file my_file05.cif (mmCIF, C-alpha atoms, pLDDT in the B column; chains and numbers go by the auth columns)
data_coords
loop_
_atom_site.group_PDB
_atom_site.id
_atom_site.type_symbol
_atom_site.label_atom_id
_atom_site.label_comp_id
_atom_site.label_asym_id
_atom_site.label_seq_id
_atom_site.Cartn_x
_atom_site.Cartn_y
_atom_site.Cartn_z
_atom_site.B_iso_or_equiv
_atom_site.auth_seq_id
_atom_site.auth_asym_id
ATOM 1 C CA MET A 1 -7.757 35.065 -21.418 49.00 1 A
ATOM 2 C CA ARG A 2 -5.086 33.879 -23.871 47.00 2 A
ATOM 3 C CA ASN A 3 -2.267 34.912 -21.469 52.00 3 A
ATOM 4 C CA ALA A 4 -3.915 32.957 -18.664 47.00 4 A
ATOM 5 C CA VAL A 5 -4.130 29.867 -20.856 43.00 5 A
ATOM 6 C CA ARG A 6 -0.451 30.159 -21.833 45.00 6 A
ATOM 7 C CA ARG A 7 0.507 30.312 -18.133 50.00 7 A
ATOM 8 C CA ILE A 8 -1.500 27.122 -17.519 42.00 8 A
ATOM 9 C CA LEU A 9 0.315 25.344 -20.364 38.00 9 A
ATOM 10 C CA ARG A 10 3.746 26.364 -19.056 42.00 10 A
ATOM 11 C CA LEU A 11 2.868 25.072 -15.583 40.00 11 A
ATOM 12 C CA ALA A 12 1.717 21.765 -17.074 41.00 12 A
ATOM 13 C CA ALA A 13 5.004 21.299 -18.956 34.00 13 A
ATOM 14 C CA ALA A 14 7.007 22.054 -15.799 37.00 14 A
ATOM 15 C CA ALA A 15 4.990 19.490 -13.824 40.00 15 A
ATOM 16 C CA VAL A 16 5.721 16.754 -16.381 33.00 16 A
ATOM 17 C CA LEU A 17 9.464 17.489 -16.307 29.00 17 A
ATOM 18 C CA MET A 18 9.538 17.407 -12.494 34.00 18 A
ATOM 19 C CA THR A 19 7.793 14.021 -12.488 35.00 19 A
ATOM 20 C CA ALA A 20 10.291 12.556 -14.960 33.00 20 A
ATOM 21 C CA SER A 21 13.288 13.746 -12.899 33.00 21 A
ATOM 22 C CA ALA A 22 11.906 12.174 -9.737 31.00 22 A
ATOM 23 C CA SER A 23 11.503 8.792 -11.488 31.00 23 A
ATOM 24 C CA LYS A 24 15.123 8.750 -12.630 32.00 24 A
ATOM 25 C CA ALA A 25 16.325 9.573 -9.104 34.00 25 A
ATOM 26 C CA ALA A 26 14.309 6.681 -7.706 35.00 26 A
ATOM 27 C CA GLU A 27 15.812 4.231 -10.226 42.00 27 A
ATOM 28 C CA SER A 28 19.320 5.366 -9.322 42.00 28 A
ATOM 29 C CA ALA A 29 18.674 4.856 -5.621 53.00 29 A
ATOM 30 C CA ASP A 30 17.477 1.278 -6.253 62.00 30 A
ATOM 31 C CA ALA A 31 20.714 0.438 -8.070 64.00 31 A
ATOM 32 C CA ASN A 32 22.798 1.337 -5.004 68.00 32 A
ATOM 33 C CA VAL A 33 21.404 -1.521 -2.873 76.00 33 A
ATOM 34 C CA THR A 34 21.747 -4.365 -5.383 87.00 34 A
ATOM 35 C CA ALA A 35 24.848 -5.840 -3.746 88.00 35 A
ATOM 36 C CA GLN A 36 23.242 -5.890 -0.280 90.00 36 A
ATOM 37 C CA PHE A 37 20.080 -7.453 -1.666 91.00 37 A
ATOM 38 C CA ASP A 38 22.034 -10.179 -3.492 92.00 38 A
ATOM 39 C CA ALA A 39 23.998 -10.978 -0.314 93.00 39 A
ATOM 40 C CA ALA A 40 20.787 -11.335 1.716 94.00 40 A
ATOM 41 C CA ASN A 41 19.278 -13.558 -0.982 94.00 41 A
ATOM 42 C CA GLN A 42 22.350 -15.799 -0.916 95.00 42 A
ATOM 43 C CA LEU A 43 21.889 -16.288 2.833 95.00 43 A
ATOM 44 C CA TYR A 44 18.286 -17.281 2.185 95.00 44 A
ATOM 45 C CA GLU A 45 19.296 -19.754 -0.547 95.00 45 A
ATOM 46 C CA ALA A 46 21.820 -21.242 1.912 96.00 46 A
ATOM 47 C CA LYS A 47 18.873 -21.810 4.308 95.00 47 A
ATOM 48 C CA GLN A 48 20.349 -19.360 6.825 96.00 48 A
ATOM 49 C CA PHE A 49 16.927 -17.811 7.258 95.00 49 A
ATOM 50 C CA ASP A 50 17.667 -15.976 10.521 96.00 50 A
ATOM 51 C CA LYS A 51 20.708 -14.257 9.023 97.00 51 A
ATOM 52 C CA ALA A 52 18.821 -13.501 5.811 95.00 52 A
ATOM 53 C CA LYS A 53 16.006 -11.899 7.840 97.00 53 A
ATOM 54 C CA ASP A 54 18.532 -9.785 9.750 96.00 54 A
ATOM 55 C CA ALA A 55 20.032 -8.622 6.453 95.00 55 A
ATOM 56 C CA TYR A 56 16.606 -7.731 5.085 95.00 56 A
ATOM 57 C CA ASP A 57 15.833 -5.922 8.367 96.00 57 A
ATOM 58 C CA ARG A 58 18.887 -3.713 7.906 95.00 58 A
ATOM 59 C CA MET A 59 17.858 -2.893 4.364 93.00 59 A
ATOM 60 C CA VAL A 60 14.326 -2.009 5.488 94.00 60 A
ATOM 61 C CA LYS A 61 15.789 0.252 8.172 92.00 61 A
ATOM 62 C CA ASN A 62 18.199 2.017 5.830 89.00 62 A
ATOM 63 C CA GLY A 63 16.009 2.059 2.706 80.00 63 A
ATOM 64 C CA PRO A 64 15.055 2.406 -0.028 87.00 64 A
ATOM 65 C CA LEU A 65 12.025 0.157 0.287 88.00 65 A
ATOM 66 C CA SER A 66 10.748 -2.095 -2.487 91.00 66 A
ATOM 67 C CA ALA A 67 8.125 -4.769 -3.039 92.00 67 A
ATOM 68 C CA ASN A 68 10.827 -7.371 -3.683 94.00 68 A
ATOM 69 C CA LEU A 69 12.534 -6.553 -0.391 94.00 69 A
ATOM 70 C CA PHE A 70 9.361 -7.073 1.641 96.00 70 A
ATOM 71 C CA TYR A 71 8.435 -10.160 -0.380 95.00 71 A
ATOM 72 C CA ASN A 72 11.787 -11.811 0.335 96.00 72 A
ATOM 73 C CA ARG A 73 11.692 -10.872 4.008 96.00 73 A
ATOM 74 C CA GLY A 74 8.187 -12.317 4.194 96.00 74 A
ATOM 75 C CA ASN A 75 9.525 -15.610 2.827 96.00 75 A
ATOM 76 C CA ALA A 76 12.246 -15.618 5.477 96.00 76 A
ATOM 77 C CA GLN A 77 9.686 -14.853 8.190 97.00 77 A
ATOM 78 C CA TRP A 78 7.559 -17.815 7.074 97.00 78 A
ATOM 79 C CA LYS A 79 10.567 -20.144 7.081 96.00 79 A
ATOM 80 C CA LEU A 80 11.258 -19.029 10.676 96.00 80 A
ATOM 81 C CA GLY A 81 7.686 -19.828 11.700 96.00 81 A
ATOM 82 C CA ASN A 82 6.543 -16.214 11.937 96.00 82 A
ATOM 83 C CA GLY A 83 3.297 -16.461 9.974 96.00 83 A
ATOM 84 C CA GLY A 84 1.867 -13.138 11.139 97.00 84 A
ATOM 85 C CA ALA A 85 5.072 -11.240 10.333 97.00 85 A
ATOM 86 C CA ALA A 86 5.189 -12.928 6.914 97.00 86 A
ATOM 87 C CA VAL A 87 1.634 -11.739 6.195 97.00 87 A
ATOM 88 C CA ALA A 88 2.590 -8.194 7.220 97.00 88 A
ATOM 89 C CA ASP A 89 5.518 -8.195 4.790 96.00 89 A
ATOM 90 C CA TYR A 90 3.470 -9.611 1.902 96.00 90 A
ATOM 91 C CA GLU A 91 0.907 -6.862 2.568 93.00 91 A
ATOM 92 C CA ARG A 92 3.711 -4.288 2.417 93.00 92 A
ATOM 93 C CA ALA A 93 4.925 -5.761 -0.874 93.00 93 A
ATOM 94 C CA LEU A 94 1.419 -5.498 -2.324 90.00 94 A
ATOM 95 C CA ALA A 95 1.041 -1.942 -1.043 84.00 95 A
ATOM 96 C CA LEU A 96 4.087 -1.010 -3.135 87.00 96 A
ATOM 97 C CA ASP A 97 3.194 -3.240 -6.098 88.00 97 A
ATOM 98 C CA PRO A 98 -0.481 -4.298 -6.232 82.00 98 A
ATOM 99 C CA GLY A 99 0.270 -6.395 -9.312 86.00 99 A
ATOM 100 C CA ASP A 100 2.760 -8.669 -7.511 91.00 100 A
ATOM 101 C CA GLN A 101 0.925 -11.961 -8.046 93.00 101 A
ATOM 102 C CA GLN A 102 3.522 -14.099 -6.243 95.00 102 A
ATOM 103 C CA ALA A 103 3.190 -11.960 -3.117 95.00 103 A
ATOM 104 C CA ARG A 104 -0.595 -12.332 -3.307 94.00 104 A
ATOM 105 C CA VAL A 105 -0.338 -16.117 -3.740 96.00 105 A
ATOM 106 C CA ASN A 106 2.003 -16.382 -0.745 96.00 106 A
ATOM 107 C CA LEU A 107 -0.242 -14.097 1.305 96.00 107 A
ATOM 108 C CA ASP A 108 -3.282 -16.278 0.627 95.00 108 A
ATOM 109 C CA PHE A 109 -1.301 -19.450 1.355 97.00 109 A
ATOM 110 C CA VAL A 110 0.010 -18.252 4.720 96.00 110 A
ATOM 111 C CA ARG A 111 -3.414 -16.990 5.766 96.00 111 A
ATOM 112 C CA ASP A 112 -4.914 -20.350 4.851 96.00 112 A
ATOM 113 C CA GLN A 113 -2.286 -22.053 6.991 96.00 113 A
ATOM 114 C CA THR A 114 -2.826 -19.835 10.034 96.00 114 A
ATOM 115 C CA GLY A 115 -6.616 -19.520 9.707 96.00 115 A
ATOM 116 C CA ALA A 116 -6.322 -15.728 9.623 96.00 116 A
ATOM 117 C CA LYS A 117 -9.476 -13.631 9.587 95.00 117 A
ATOM 118 C CA THR A 118 -9.922 -10.770 7.107 92.00 118 A
ATOM 119 C CA ALA A 119 -12.737 -8.437 6.164 82.00 119 A
ATOM 120 C CA MET A 120 -14.769 -9.293 3.066 75.00 120 A
ATOM 121 C CA GLN A 121 -14.104 -6.794 0.286 69.00 121 A
ATOM 122 C CA GLN A 122 -16.558 -5.573 -2.342 72.00 122 A
ATOM 123 C CA TRP A 123 -15.708 -5.777 -6.041 76.00 123 A
ATOM 124 C CA TRP A 124 -15.166 -2.032 -6.244 75.00 124 A
ATOM 125 C CA GLU A 125 -12.653 -2.157 -3.396 75.00 125 A
ATOM 126 C CA HIS A 126 -10.601 -4.720 -5.336 76.00 126 A
ATOM 127 C CA ALA A 127 -10.853 -2.501 -8.427 84.00 127 A
ATOM 128 C CA LEU A 128 -9.569 0.528 -6.535 83.00 128 A
ATOM 129 C CA GLU A 129 -6.652 -1.484 -5.128 78.00 129 A
ATOM 130 C CA ALA A 130 -5.460 -2.364 -8.641 79.00 130 A
ATOM 131 C CA MET A 131 -3.425 0.865 -8.605 83.00 131 A
ATOM 132 C CA ASP A 132 -0.975 1.952 -5.916 77.00 132 A
ATOM 133 C CA ALA A 133 -1.212 5.393 -4.334 81.00 133 A
ATOM 134 C CA SER A 134 1.907 6.765 -6.069 84.00 134 A
ATOM 135 C CA SER A 135 0.691 5.811 -9.531 89.00 135 A
ATOM 136 C CA ALA A 136 -2.803 7.093 -8.722 91.00 136 A
ATOM 137 C CA THR A 137 -1.347 10.430 -7.606 92.00 137 A
ATOM 138 C CA VAL A 138 0.568 10.803 -10.868 93.00 138 A
ATOM 139 C CA LEU A 139 -2.500 9.782 -12.880 93.00 139 A
ATOM 140 C CA LEU A 140 -4.686 12.257 -11.004 94.00 140 A
ATOM 141 C CA SER A 141 -2.176 15.020 -11.718 94.00 141 A
ATOM 142 C CA VAL A 142 -2.061 14.148 -15.416 94.00 142 A
ATOM 143 C CA CYS A 143 -5.863 14.042 -15.600 93.00 143 A
ATOM 144 C CA GLY A 144 -6.039 17.432 -13.939 94.00 144 A
ATOM 145 C CA TRP A 145 -3.679 19.005 -16.461 94.00 145 A
ATOM 146 C CA VAL A 146 -5.423 17.321 -19.394 92.00 146 A
ATOM 147 C CA ALA A 147 -8.729 18.662 -18.111 92.00 147 A
ATOM 148 C CA LEU A 148 -7.228 22.159 -17.936 92.00 148 A
ATOM 149 C CA PHE A 149 -5.878 21.825 -21.488 90.00 149 A
ATOM 150 C CA CYS A 150 -9.294 20.782 -22.749 89.00 150 A
ATOM 151 C CA LEU A 151 -11.010 23.587 -20.865 87.00 151 A
ATOM 152 C CA ALA A 152 -8.568 26.070 -22.352 88.00 152 A
ATOM 153 C CA LEU A 153 -9.249 24.747 -25.860 85.00 153 A
ATOM 154 C CA VAL A 154 -12.991 25.078 -25.338 82.00 154 A
ATOM 155 C CA LEU A 155 -12.568 28.681 -24.214 83.00 155 A
ATOM 156 C CA LEU A 156 -10.145 29.612 -27.011 82.00 156 A
ATOM 157 C CA ARG A 157 -11.932 27.751 -29.830 77.00 157 A
ATOM 158 C CA PRO A 158 -15.698 27.841 -29.422 70.00 158 A
ATOM 159 C CA GLU A 159 -16.046 25.917 -32.712 74.00 159 A
ATOM 160 C CA GLY A 160 -15.290 22.188 -32.738 70.00 160 A
ATOM 161 C CA ARG A 161 -15.855 21.632 -29.034 76.00 161 A
ATOM 162 C CA THR A 162 -16.863 17.972 -29.294 82.00 162 A
ATOM 163 C CA GLY A 163 -13.331 16.510 -29.135 84.00 163 A
ATOM 164 C CA PRO A 164 -12.133 18.578 -26.154 84.00 164 A
ATOM 165 C CA ILE A 165 -15.402 18.019 -24.286 86.00 165 A
ATOM 166 C CA VAL A 166 -15.186 14.235 -24.730 89.00 166 A
ATOM 167 C CA THR A 167 -11.562 14.251 -23.604 90.00 167 A
ATOM 168 C CA LEU A 168 -12.470 16.472 -20.651 89.00 168 A
ATOM 169 C CA THR A 169 -15.192 14.030 -19.617 91.00 169 A
ATOM 170 C CA MET A 170 -12.810 11.068 -19.904 93.00 170 A
ATOM 171 C CA SER A 171 -10.196 12.904 -17.857 92.00 171 A
ATOM 172 C CA LEU A 172 -12.693 13.622 -15.105 93.00 172 A
ATOM 173 C CA LEU A 173 -13.826 9.980 -15.000 94.00 173 A
ATOM 174 C CA VAL A 174 -10.276 8.618 -14.886 94.00 174 A
ATOM 175 C CA GLY A 175 -9.378 11.265 -12.317 92.00 175 A
ATOM 176 C CA ALA A 176 -12.300 10.120 -10.187 94.00 176 A
ATOM 177 C CA TYR A 177 -10.981 6.548 -10.311 92.00 177 A
ATOM 178 C CA ALA A 178 -7.496 7.765 -9.337 91.00 178 A
ATOM 179 C CA SER A 179 -8.990 9.720 -6.429 92.00 179 A
ATOM 180 C CA GLY A 180 -10.835 6.592 -5.303 89.00 180 A
ATOM 181 C CA SER A 181 -7.610 4.585 -5.453 89.00 181 A
ATOM 182 C CA ILE A 182 -5.858 7.157 -3.280 87.00 182 A
ATOM 183 C CA TRP A 183 -8.741 7.070 -0.782 81.00 183 A
ATOM 184 C CA GLN A 184 -8.663 3.256 -0.672 78.00 184 A
ATOM 185 C CA ALA A 185 -4.886 3.260 -0.259 76.00 185 A
ATOM 186 C CA ASN A 186 -5.164 5.685 2.659 77.00 186 A
ATOM 187 C CA LEU A 187 -7.792 3.453 4.264 73.00 187 A
ATOM 188 C CA GLN A 188 -5.671 0.351 3.776 69.00 188 A
ATOM 189 C CA GLY A 189 -2.735 2.342 5.104 70.00 189 A
ATOM 190 C CA THR A 190 -4.310 2.069 8.543 82.00 190 A
ATOM 191 C CA LYS A 191 -4.170 -1.744 8.367 89.00 191 A
ATOM 192 C CA ALA A 192 -2.421 -3.697 11.101 94.00 192 A
ATOM 193 C CA ILE A 193 -1.651 -7.420 11.212 96.00 193 A
ATOM 194 C CA VAL A 194 -1.755 -9.838 14.131 97.00 194 A
ATOM 195 C CA VAL A 195 1.845 -11.053 14.472 96.00 195 A
ATOM 196 C CA ALA A 196 1.315 -13.065 17.656 96.00 196 A
ATOM 197 C CA LYS A 197 0.241 -16.708 17.382 95.00 197 A
ATOM 198 C CA SER A 198 -3.235 -15.458 18.288 95.00 198 A
ATOM 199 C CA ALA A 199 -4.674 -12.313 19.815 96.00 199 A
ATOM 200 C CA PRO A 200 -7.783 -11.980 22.009 96.00 200 A
ATOM 201 C CA ALA A 201 -9.965 -8.980 21.169 96.00 201 A
ATOM 202 C CA HIS A 202 -11.562 -7.605 24.345 97.00 202 A
ATOM 203 C CA VAL A 203 -14.590 -5.343 24.655 96.00 203 A
ATOM 204 C CA ALA A 204 -12.570 -3.175 27.070 96.00 204 A
ATOM 205 C CA PRO A 205 -8.826 -2.542 27.608 96.00 205 A
ATOM 206 C CA ALA A 206 -8.351 -5.137 30.344 95.00 206 A
ATOM 207 C CA ASP A 207 -7.377 -8.806 30.430 95.00 207 A
ATOM 208 C CA VAL A 208 -10.444 -9.602 32.527 96.00 208 A
ATOM 209 C CA ALA A 209 -12.841 -7.934 30.063 96.00 209 A
ATOM 210 C CA PRO A 210 -15.092 -10.203 27.953 96.00 210 A
ATOM 211 C CA ILE A 211 -13.559 -11.458 24.717 96.00 211 A
ATOM 212 C CA ALA A 212 -15.319 -10.367 21.521 95.00 212 A
ATOM 213 C CA ASP A 213 -13.192 -12.542 19.223 95.00 213 A
ATOM 214 C CA VAL A 214 -9.870 -14.372 18.977 96.00 214 A
ATOM 215 C CA LEU A 215 -7.779 -13.492 15.928 96.00 215 A
ATOM 216 C CA PRO A 216 -5.197 -16.009 14.603 97.00 216 A
ATOM 217 C CA ALA A 217 -1.797 -14.903 13.272 96.00 217 A
ATOM 218 C CA GLY A 218 -2.057 -12.972 10.025 96.00 218 A
ATOM 219 C CA SER A 219 -5.527 -11.577 10.743 96.00 219 A
ATOM 220 C CA GLU A 220 -6.043 -7.934 9.816 95.00 220 A
ATOM 221 C CA VAL A 221 -7.584 -5.027 11.678 94.00 221 A
ATOM 222 C CA LEU A 222 -8.192 -1.440 10.556 91.00 222 A
ATOM 223 C CA ALA A 223 -7.890 2.041 12.058 84.00 223 A
ATOM 224 C CA PRO A 224 -5.785 1.062 15.067 89.00 224 A
ATOM 225 C CA GLU A 225 -5.603 3.636 17.876 92.00 225 A
ATOM 226 C CA THR A 226 -2.742 2.767 20.185 93.00 226 A
ATOM 227 C CA ARG A 227 -3.227 3.661 23.817 93.00 227 A
ATOM 228 C CA GLY A 228 -0.318 2.267 25.760 94.00 228 A
ATOM 229 C CA PRO A 229 -0.443 -1.535 26.058 96.00 229 A
ATOM 230 C CA TRP A 230 -3.806 -1.671 24.275 96.00 230 A
ATOM 231 C CA THR A 231 -4.914 -0.840 20.736 96.00 231 A
ATOM 232 C CA TYR A 232 -8.507 0.007 19.814 96.00 232 A
ATOM 233 C CA CYS A 233 -9.301 -1.150 16.281 94.00 233 A
ATOM 234 C CA THR A 234 -11.888 -2.428 13.808 92.00 234 A
ATOM 235 C CA LEU A 235 -12.100 -6.221 13.645 94.00 235 A
ATOM 236 C CA PRO A 236 -12.681 -8.198 10.417 93.00 236 A
ATOM 237 C CA ASP A 237 -16.401 -8.482 11.280 91.00 237 A
ATOM 238 C CA GLY A 238 -16.678 -4.689 11.575 90.00 238 A
ATOM 239 C CA ASP A 239 -16.906 -4.515 15.383 94.00 239 A
ATOM 240 C CA ARG A 240 -14.519 -2.372 17.427 95.00 240 A
ATOM 241 C CA ALA A 241 -12.485 -3.962 20.204 96.00 241 A
ATOM 242 C CA TRP A 242 -9.228 -3.816 22.175 97.00 242 A
ATOM 243 C CA ILE A 243 -6.182 -5.932 21.303 97.00 243 A
ATOM 244 C CA PRO A 244 -2.801 -6.025 23.111 96.00 244 A
ATOM 245 C CA THR A 245 -0.515 -3.605 21.276 96.00 245 A
ATOM 246 C CA ASP A 246 2.426 -6.025 21.178 96.00 246 A
ATOM 247 C CA ALA A 247 0.264 -8.538 19.259 96.00 247 A
ATOM 248 C CA LEU A 248 -0.084 -6.157 16.291 96.00 248 A
ATOM 249 C CA GLU A 249 2.184 -4.696 13.635 95.00 249 A
ATOM 250 C CA LYS A 250 1.122 -1.875 11.332 93.00 250 A
ATOM 251 C CA VAL A 251 1.600 -2.497 7.629 91.00 251 A
ATOM 252 C CA LYS A 252 2.732 1.093 7.163 85.00 252 A
ATOM 253 C CA GLY A 253 4.705 3.243 9.564 69.00 253 A
#
call {"tool": "encode", "arguments": {"input": "my_file05.cif", "output": "structure tokens"}}
result
Amino acid sequence: MRNAVRRILRLAAAAVLMTASASKAAESADANVTAQFDAANQLYEAKQFDKAKDAYDRMVKNGPLSANLFYNRGNAQWKLGNGGAAVADYERALALDPGDQQARVNLDFVRDQTGAKTAMQQWWEHALEAMDASSATVLLSVCGWVALFCLALVLLRPEGRTGPIVTLTMSLLVGAYASGSIWQANLQGTKAIVVAKSAPAHVAPADVAPIADVLPAGSEVLAPETRGPWTYCTLPDGDRAWIPTDALEKVKG
């Protein structure tokens, strides 16, 4: 039993070291694109919004991606009159950094201006979105290892179990929240945004089919299934309908 516990502890230490190395690599990669980002921002400040957008487009294509990159491109899209595309970029910024309040303010502003339609969210959905998927994954991993540590202590030291048991319970609760955040992020990962000025949602994949709703630019749909020129998706009111594929842009992918 003791040998098994020691193996668990060694694996936990290795996992922590691997996580730290990955973080440093990510920071280094961000530093390599500073000059390009500054040049694109200067074009924006000079009110050359089309050229600034093109520069941001190249950075998005080549990577790495960041919340600031999508936020700035969203601003350029709005200045060019592309409200739906601006919403899509603000959503991407928030997917990478849920705490980006300026991106959220701009998102709400543009949606107010376009009259975009979105699904009503419950309080617990907002709570789960407070953490991005990457952070939730790391937190879930940490909670898992902490739970294993506590379980090992309970098995090795039958006396004085109260502390490890309380910590184990806390780890499981926090891990459950992290799991919920990952689930919510995966659900929101299916989100698509109307980038056309408006998009008719038909009950069947045909222009002559009855219209279930008309979605203004910046409206969101979920679980899009692309089938050629038509996409079958969930509308803000929860109904399923068909929207022209070229009127939508997925937030991820």
call {"tool": "resolve_selection", "arguments": {"input": "my_file05.cif", "expression": "the PyMOL selection byres ((chain A and resi 249) around 8)", "output": "MDAnalysis selection string"}}
result
chainID A and resid 85 88 192:195 246:248 250:251
call {"tool": "atom_distance", "arguments": {"input": "my_file05.cif", "atom1": "atom CA of Lys61 of chain A", "atom2": "atom CA of Leu107 of chain A"}}
result
22.6 Å
call {"tool": "resolve_selection", "arguments": {"input": "my_file05.cif", "expression": "the PyMOL selection byres ((chain A and resi 155-172) around 10)", "output": "ChimeraX atom specification"}}
result
/A:1-2,5,139-140,142-154,173-178
call {"tool": "resolve_selection", "arguments": {"input": "my_file05.cif", "expression": "the PyMOL selection byres ((chain A and resi 135) around 12)", "output": "CSV table (one decimal) with C-alpha atoms, in the coordinates of the input"}}
result
chain,number,residue,atom,x,y,z
A,19,THR,CA,7.8,14.0,-12.5
A,23,SER,CA,11.5,8.8,-11.5
A,95,ALA,CA,1.0,-1.9,-1.0
A,96,LEU,CA,4.1,-1.0,-3.1
A,97,ASP,CA,3.2,-3.2,-6.1
A,98,PRO,CA,-0.5,-4.3,-6.2
A,128,LEU,CA,-9.6,0.5,-6.5
A,129,GLU,CA,-6.7,-1.5,-5.1
A,130,ALA,CA,-5.5,-2.4,-8.6
A,131,MET,CA,-3.4,0.9,-8.6
A,132,ASP,CA,-1.0,2.0,-5.9
A,133,ALA,CA,-1.2,5.4,-4.3
A,134,SER,CA,1.9,6.8,-6.1
A,136,ALA,CA,-2.8,7.1,-8.7
A,137,THR,CA,-1.3,10.4,-7.6
A,138,VAL,CA,0.6,10.8,-10.9
A,139,LEU,CA,-2.5,9.8,-12.9
A,140,LEU,CA,-4.7,12.3,-11.0
A,141,SER,CA,-2.2,15.0,-11.7
A,142,VAL,CA,-2.1,14.1,-15.4
A,175,GLY,CA,-9.4,11.3,-12.3
A,177,TYR,CA,-11.0,6.5,-10.3
A,178,ALA,CA,-7.5,7.8,-9.3
A,179,SER,CA,-9.0,9.7,-6.4
A,181,SER,CA,-7.6,4.6,-5.5
A,182,ILE,CA,-5.9,7.2,-3.3
A,185,ALA,CA,-4.9,3.3,-0.3
call {"tool": "closest_residue", "arguments": {"input": "my_file05.cif", "among": "A:Ser219, A:Thr190, A:Thr118, A:Thr34", "to": "Asp237 of chain A", "atoms": "all atoms listed in the file"}}
result
A:Thr118
call {"tool": "atom_distance", "arguments": {"input": "my_file05.cif", "atom1": "atom CA of Tyr232 of chain A", "atom2": "atom CA of Val203 of chain A"}}
result
9.4 Å
call {"tool": "residues_around", "arguments": {"input": "my_file05.cif", "residues": "Asp50 of chain A", "least_positions_apart": "3", "cutoff": "10 Å", "atoms": "all atoms listed in the file", "output": "NGL selection string"}}
result
:A and (43-44 or 47 or 53-56 or 76-77 or 79-80)
call {"tool": "write_last_selection", "arguments": {"input": "my_file05.cif", "atoms": "C-alpha atoms", "output": "PDB file, in the frame of the given file"}}
result
ATOM      1  CA  LEU A  43      21.889 -16.288   2.833  1.00 95.00           C
ATOM      2  CA  TYR A  44      18.286 -17.281   2.185  1.00 95.00           C
ATOM      3  CA  LYS A  47      18.873 -21.810   4.308  1.00 95.00           C
ATOM      4  CA  LYS A  53      16.006 -11.899   7.840  1.00 97.00           C
ATOM      5  CA  ASP A  54      18.532  -9.785   9.750  1.00 96.00           C
ATOM      6  CA  ALA A  55      20.032  -8.622   6.453  1.00 95.00           C
ATOM      7  CA  TYR A  56      16.606  -7.731   5.085  1.00 95.00           C
ATOM      8  CA  ALA A  76      12.246 -15.618   5.477  1.00 96.00           C
ATOM      9  CA  GLN A  77       9.686 -14.853   8.190  1.00 97.00           C
ATOM     10  CA  LYS A  79      10.567 -20.144   7.081  1.00 96.00           C
ATOM     11  CA  LEU A  80      11.258 -19.029  10.676  1.00 96.00           C
TER      12      LEU A  80
END
call {"tool": "atom_distance", "arguments": {"input": "my_file05.cif", "atom1": "atom CA of Thr231 of chain A", "atom2": "atom CA of Asp108 of chain A"}}
result
25.4 Å
call {"tool": "closest_residue", "arguments": {"input": "my_file05.cif", "among": "A:Arg104, A:Arg73, A:Lys117, A:Arg227", "to": "Ile243 of chain A", "atoms": "only C-alpha atoms"}}
result
A:Arg227
call {"tool": "residues_near_point", "arguments": {"input": "my_file05.cif", "point": "(-13.5, -9.7, 8.8)", "cutoff": "10 Å", "atoms": "all atoms listed in the file", "output": "PyMOL selection string"}}
result
chain A and resi 116-121+215+219-222+234-239
call {"tool": "residues_around", "arguments": {"input": "my_file05.cif", "residues": "Val110 of chain A", "least_positions_apart": "5", "cutoff": "8 Å", "atoms": "all atoms listed in the file", "output": "PyMOL selection string"}}
result
chain A and resi 78+83+86-87+218
call {"tool": "write_last_selection", "arguments": {"input": "my_file05.cif", "atoms": "C-alpha atoms", "output": "JSON list (two decimals), in the coordinates of the input"}}
result
[["chain", "number", "residue", "atom", "x", "y", "z"],
["A", 78, "TRP", "CA", 7.56, -17.82, 7.07],
["A", 83, "GLY", "CA", 3.30, -16.46, 9.97],
["A", 86, "ALA", "CA", 5.19, -12.93, 6.91],
["A", 87, "VAL", "CA", 1.63, -11.74, 6.20],
["A", 218, "GLY", "CA", -2.06, -12.97, 10.02]]
call {"tool": "closest_residue", "arguments": {"input": "my_file05.cif", "among": "A:Phe49, A:Ala103, A:Thr245, A:Gln113", "to": "Phe70 of chain A", "atoms": "only C-alpha atoms"}}
result
A:Ala103
call {"tool": "closest_residue", "arguments": {"input": "my_file05.cif", "among": "A:Lys197, A:Gln48, A:Thr114, A:Ala67", "to": "Leu94 of chain A", "atoms": "all atoms listed in the file"}}
result
A:Ala67
call {"tool": "closest_residue", "arguments": {"input": "my_file05.cif", "among": "A:Asn106, A:Thr226, A:Gln184, A:Asn68", "to": "His126 of chain A", "atoms": "all atoms listed in the file"}}
result
A:Gln184
call {"tool": "residues_around", "arguments": {"input": "my_file05.cif", "residues": "Gly115 of chain A", "least_positions_apart": "3", "cutoff": "7 Å", "atoms": "only C-alpha atoms", "output": "MDAnalysis selection string"}}
result
chainID A and resid 111:112 216
call {"tool": "closest_residue", "arguments": {"input": "my_file05.cif", "among": "A:Trp242, A:Phe37, A:Tyr90, A:Trp123", "to": "Ala204 of chain A", "atoms": "all atoms listed in the file"}}
result
A:Trp242
call {"tool": "residues_around", "arguments": {"input": "my_file05.cif", "residues": "Ala206 of chain A", "least_positions_apart": "4", "cutoff": "12 Å", "atoms": "all atoms listed in the file", "output": "ChimeraX atom specification"}}
result
/A:200-202,210-211,228-232,241-244
